[in-house]
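This report concerns only the one structure given below.
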Amino acid sequence: MLTHIRKEPLTAEEKKKLKFVLKTRVIMGLIFIPILLPAFILMGYAAIQDIISGTTDGGTYFCIAMIFFCTFLLIRFVIPFYKNSFKNLKREDKLVVDTVILSISKNWTNKGFKYNIQTEYRFIDSWSITTVIKPSLPYHEMYVNMPITIHCFEDNSIDILYIEKTNVK
């Protein structure tokens with residue numbers, strides 16, 4: 001089966017779900033920012049005071065490293081996450097991709113199962129992808145050579161609307 005890609009308009013339910021997802025993500029951000037921001041401000045203030053007074057030690061360097069590390073994570077993961085969420089809300093259409101699963105690997109870790117699924121269209125990592133609309137086809141029900149339909153966005157590799165089993169005619 002060759003991969004077949006087509007554009008379809010988003011339904012009212014999908015737009016409503018995208019709006020709900022954005023609200024949830026913003027609320028979660030608003031909960032964590034007031035907790036983390038003062039901690040980093042205090043760590044930065046303490047590190048600056050140690051440097052000015054000339055009493056630097058391991059804790060000073062740890063604070064500086066922690067601030068740089070968290071800033072890197074913020075720029076690398078959090079900002080694109082919210083940027084994609086806002087872009088998703090403005091979208092009018094989606095890609096509907098009919099494809100076939102080429103391979104599946106299932107790995108057990110201390111956090112649960114991680115599924116890596118290779119289709120003719122793209123690679124899907126269950127821990128790196130957010131499936132926005134539930135119920136979607138569960139990863140544990142997928143098998144090799146299974147025809148599936150992926151409802152996703154053209155330039156967003158993080159969010160998938162949902163995956164469904166394709167009925168072969």
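We label chains A, B, ... in the order they appear in the structure tokens, count residues from 1 in each chain, and number ligands from 1 in the order shown.
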query: What lies within 12 Å of Gly59 in chain A using only C-alpha atoms, ignoring chain neighbours under 2 positions off, as a list of chain:residue names?
result: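 The residues that qualify are A:Met43, A:Gly44, A:Ala46, A:Ala47, A:Ile48, A:Asp50, A:Ile51, A:Thr55, A:Thr56, A:Asp57, A:Tyr61, A:Phe62, A:Cys63, A:Ile64, A:Ala65, A:Met66.
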- request: List the neighbours of Ser126 in chain A out to 7 Å using only C-alpha atoms; skip same-chain residues closer than 2 positions along the sequence, and give me the result as a list in words.
  value: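 In the requested form, the answer reads Lys114, Tyr115, Asn116, Ile124, Ser128 and Ile129 of chain A.
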message: Just want the 10 Å neighbourhood of range 104-108 of chain A, counted on only C-alpha atoms, with same-chain residues fewer than 2 positions away dropped. Output as a list in words.
response: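 That gives Ile101, Leu102, Asn110, Lys111, Gly112, Phe113, Lys114, Tyr115, Asn116, Ile117, Gln118, Thr119, Phe123, Ile124, Asp125, Ser126, Tyr139, His140, Met142, Tyr143, Val144 and Asn145 of chain A.
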Keeping C-alpha atoms, export the residues of the selection given above as a tab-separated table (two decimals), in the first residue's frame.
chain	number	residue	atom	x	y	z
A	101	ILE	CA	2.98	0.10	9.74
A	102	LEU	CA	6.37	-1.25	8.66
A	110	ASN	CA	10.94	1.85	34.59
A	111	LYS	CA	8.31	4.38	33.34
A	112	GLY	CA	6.30	1.86	31.32
A	113	PHE	CA	6.23	0.70	27.74
A	114	LYS	CA	7.73	2.82	24.98
A	115	TYR	CA	6.56	2.12	21.44
A	116	ASN	CA	8.58	2.99	18.34
A	117	ILE	CA	6.48	2.66	15.21
A	118	GLN	CA	7.83	3.06	11.69
A	119	THR	CA	5.23	3.69	9.01
A	123	PHE	CA	8.39	7.48	12.58
A	124	ILE	CA	6.21	7.63	15.71
A	125	ASP	CA	7.78	7.55	19.18
A	126	SER	CA	5.06	7.11	21.79
A	139	TYR	CA	-0.20	1.50	20.48
A	140	HIS	CA	-0.49	-1.98	21.97
A	142	MET	CA	-0.98	-2.02	16.43
A	143	TYR	CA	0.82	-4.68	14.41
A	144	VAL	CA	3.14	-4.88	11.40
A	145	ASN	CA	1.42	-4.39	7.99
Step one, run DSSP on the backbone; step two, keep only residues of range 33-100 of chain A assigned to strand (DSSP E); then write them as an mmCIF file with C-alpha atoms, in the first residue's frame.
data_model
loop_
_atom_site.group_PDB
_atom_site.id
_atom_site.type_symbol
_atom_site.label_atom_id
_atom_site.label_comp_id
_atom_site.auth_asym_id
_atom_site.auth_seq_id
_atom_site.Cartn_x
_atom_site.Cartn_y
_atom_site.Cartn_z
ATOM 1 C CA ASP A 93 -7.084 22.061 7.916
ATOM 2 C CA LYS A 94 -5.239 18.864 8.751
ATOM 3 C CA LEU A 95 -3.405 16.119 6.909
ATOM 4 C CA VAL A 96 -5.079 12.734 6.698
ATOM 5 C CA VAL A 97 -2.471 10.103 5.893
ATOM 6 C CA ASP A 98 -3.392 6.551 4.917
ATOM 7 C CA THR A 99 -0.301 4.444 5.509
ATOM 8 C CA VAL A 100 0.952 1.058 6.690
#
message: Please extract the residues of chain A with a backbone DSSP assignment of helix (DSSP H, G or I) and present them as an NGL selection string.
response: :A and (12-53 or 58-90 or 139-141)
Produce a file of the selected residues containing C-alpha atoms, as a JSON list (two decimals), in the first residue's frame.
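again.json, freshly written:
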[["chain", "number", "residue", "atom", "x", "y", "z"],
["A", 12, "ALA", "CA", -15.77, 21.65, 15.03],
["A", 13, "GLU", "CA", -15.03, 18.91, 17.58],
["A", 14, "GLU", "CA", -11.32, 18.89, 16.68],
["A", 15, "LYS", "CA", -11.12, 22.69, 16.97],
["A", 16, "LYS", "CA", -12.86, 22.52, 20.33],
["A", 17, "LYS", "CA", -10.43, 19.85, 21.54],
["A", 18, "LEU", "CA", -7.42, 21.89, 20.36],
["A", 19, "LYS", "CA", -8.74, 24.89, 22.30],
["A", 20, "PHE", "CA", -9.16, 22.69, 25.41],
["A", 21, "VAL", "CA", -5.61, 21.32, 25.04],
["A", 22, "LEU", "CA", -4.19, 24.85, 24.76],
["A", 23, "LYS", "CA", -6.10, 26.00, 27.86],
["A", 24, "THR", "CA", -4.86, 22.98, 29.81],
["A", 25, "ARG", "CA", -1.26, 23.58, 28.78],
["A", 26, "VAL", "CA", -1.46, 27.29, 29.68],
["A", 27, "ILE", "CA", -2.96, 26.50, 33.09],
["A", 28, "MET", "CA", -0.19, 23.96, 33.78],
["A", 29, "GLY", "CA", 2.39, 26.57, 32.79],
["A", 30, "LEU", "CA", 0.78, 29.16, 35.05],
["A", 31, "ILE", "CA", 0.91, 26.71, 37.95],
["A", 32, "PHE", "CA", 4.60, 25.87, 37.53],
["A", 33, "ILE", "CA", 5.99, 29.32, 36.65],
["A", 34, "PRO", "CA", 5.18, 30.90, 40.05],
["A", 35, "ILE", "CA", 6.80, 27.93, 41.77],
["A", 36, "LEU", "CA", 9.97, 27.74, 39.69],
["A", 37, "LEU", "CA", 10.64, 31.40, 38.90],
["A", 38, "PRO", "CA", 11.29, 32.56, 42.49],
["A", 39, "ALA", "CA", 13.54, 29.55, 43.06],
["A", 40, "PHE", "CA", 15.72, 30.45, 40.08],
["A", 41, "ILE", "CA", 15.75, 34.12, 41.00],
["A", 42, "LEU", "CA", 16.97, 33.24, 44.51],
["A", 43, "MET", "CA", 19.58, 30.85, 43.12],
["A", 44, "GLY", "CA", 20.82, 33.52, 40.69],
["A", 45, "TYR", "CA", 20.85, 36.16, 43.41],
["A", 46, "ALA", "CA", 22.84, 33.88, 45.75],
["A", 47, "ALA", "CA", 25.33, 33.03, 42.99],
["A", 48, "ILE", "CA", 25.83, 36.72, 42.13],
["A", 49, "GLN", "CA", 26.32, 37.59, 45.81],
["A", 50, "ASP", "CA", 28.93, 34.83, 46.16],
["A", 51, "ILE", "CA", 30.79, 36.03, 43.06],
["A", 52, "ILE", "CA", 30.74, 39.67, 44.19],
["A", 53, "SER", "CA", 31.93, 38.81, 47.69],
["A", 58, "GLY", "CA", 30.71, 24.35, 44.58],
["A", 59, "GLY", "CA", 27.20, 25.55, 45.42],
["A", 60, "THR", "CA", 27.74, 28.73, 43.42],
["A", 61, "TYR", "CA", 28.80, 26.80, 40.33],
["A", 62, "PHE", "CA", 25.95, 24.33, 40.83],
["A", 63, "CYS", "CA", 23.43, 27.22, 40.90],
["A", 64, "ILE", "CA", 24.89, 28.73, 37.74],
["A", 65, "ALA", "CA", 24.91, 25.34, 35.97],
["A", 66, "MET", "CA", 21.33, 24.67, 37.10],
["A", 67, "ILE", "CA", 20.12, 28.03, 35.77],
["A", 68, "PHE", "CA", 21.83, 27.46, 32.40],
["A", 69, "PHE", "CA", 20.49, 23.90, 32.19],
["A", 70, "CYS", "CA", 16.92, 24.95, 32.95],
["A", 71, "THR", "CA", 17.16, 27.86, 30.49],
["A", 72, "PHE", "CA", 18.35, 25.43, 27.82],
["A", 73, "LEU", "CA", 15.41, 23.08, 28.55],
["A", 74, "LEU", "CA", 13.01, 26.01, 28.44],
["A", 75, "ILE", "CA", 14.29, 27.20, 25.06],
["A", 76, "ARG", "CA", 14.61, 23.69, 23.60],
["A", 77, "PHE", "CA", 11.34, 22.12, 24.73],
["A", 78, "VAL", "CA", 8.88, 24.41, 26.50],
["A", 79, "ILE", "CA", 8.80, 27.38, 24.13],
["A", 80, "PRO", "CA", 8.33, 25.25, 20.96],
["A", 81, "PHE", "CA", 5.65, 23.23, 22.82],
["A", 82, "TYR", "CA", 3.57, 26.36, 23.49],
["A", 83, "LYS", "CA", 4.33, 27.83, 20.08],
["A", 84, "ASN", "CA", 2.95, 24.69, 18.41],
["A", 85, "SER", "CA", -0.13, 24.78, 20.64],
["A", 86, "PHE", "CA", -0.93, 28.36, 19.58],
["A", 87, "LYS", "CA", -0.29, 27.53, 15.91],
["A", 88, "ASN", "CA", -2.57, 24.47, 16.14],
["A", 89, "LEU", "CA", -5.41, 26.65, 17.37],
["A", 90, "LYS", "CA", -5.22, 28.86, 14.25],
["A", 139, "TYR", "CA", -0.20, 1.50, 20.48],
["A", 140, "HIS", "CA", -0.49, -1.98, 21.97],
["A", 141, "GLU", "CA", -3.17, -2.91, 19.42]]
- request: State, in Å with one decimal place, the distance from CA of Pro138 in chain A to CA of Lys7 in chain A.
  value: 23.7 Å
query: Between A:Glu92, A:Glu120, A:Thr130, A:Glu8, which has the minimum distance to Ser157 in chain A (counting only C-alpha atoms)?
result: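 Residue with the minimum atom-to-atom distance to Ser157 in chain A: A:Thr130.
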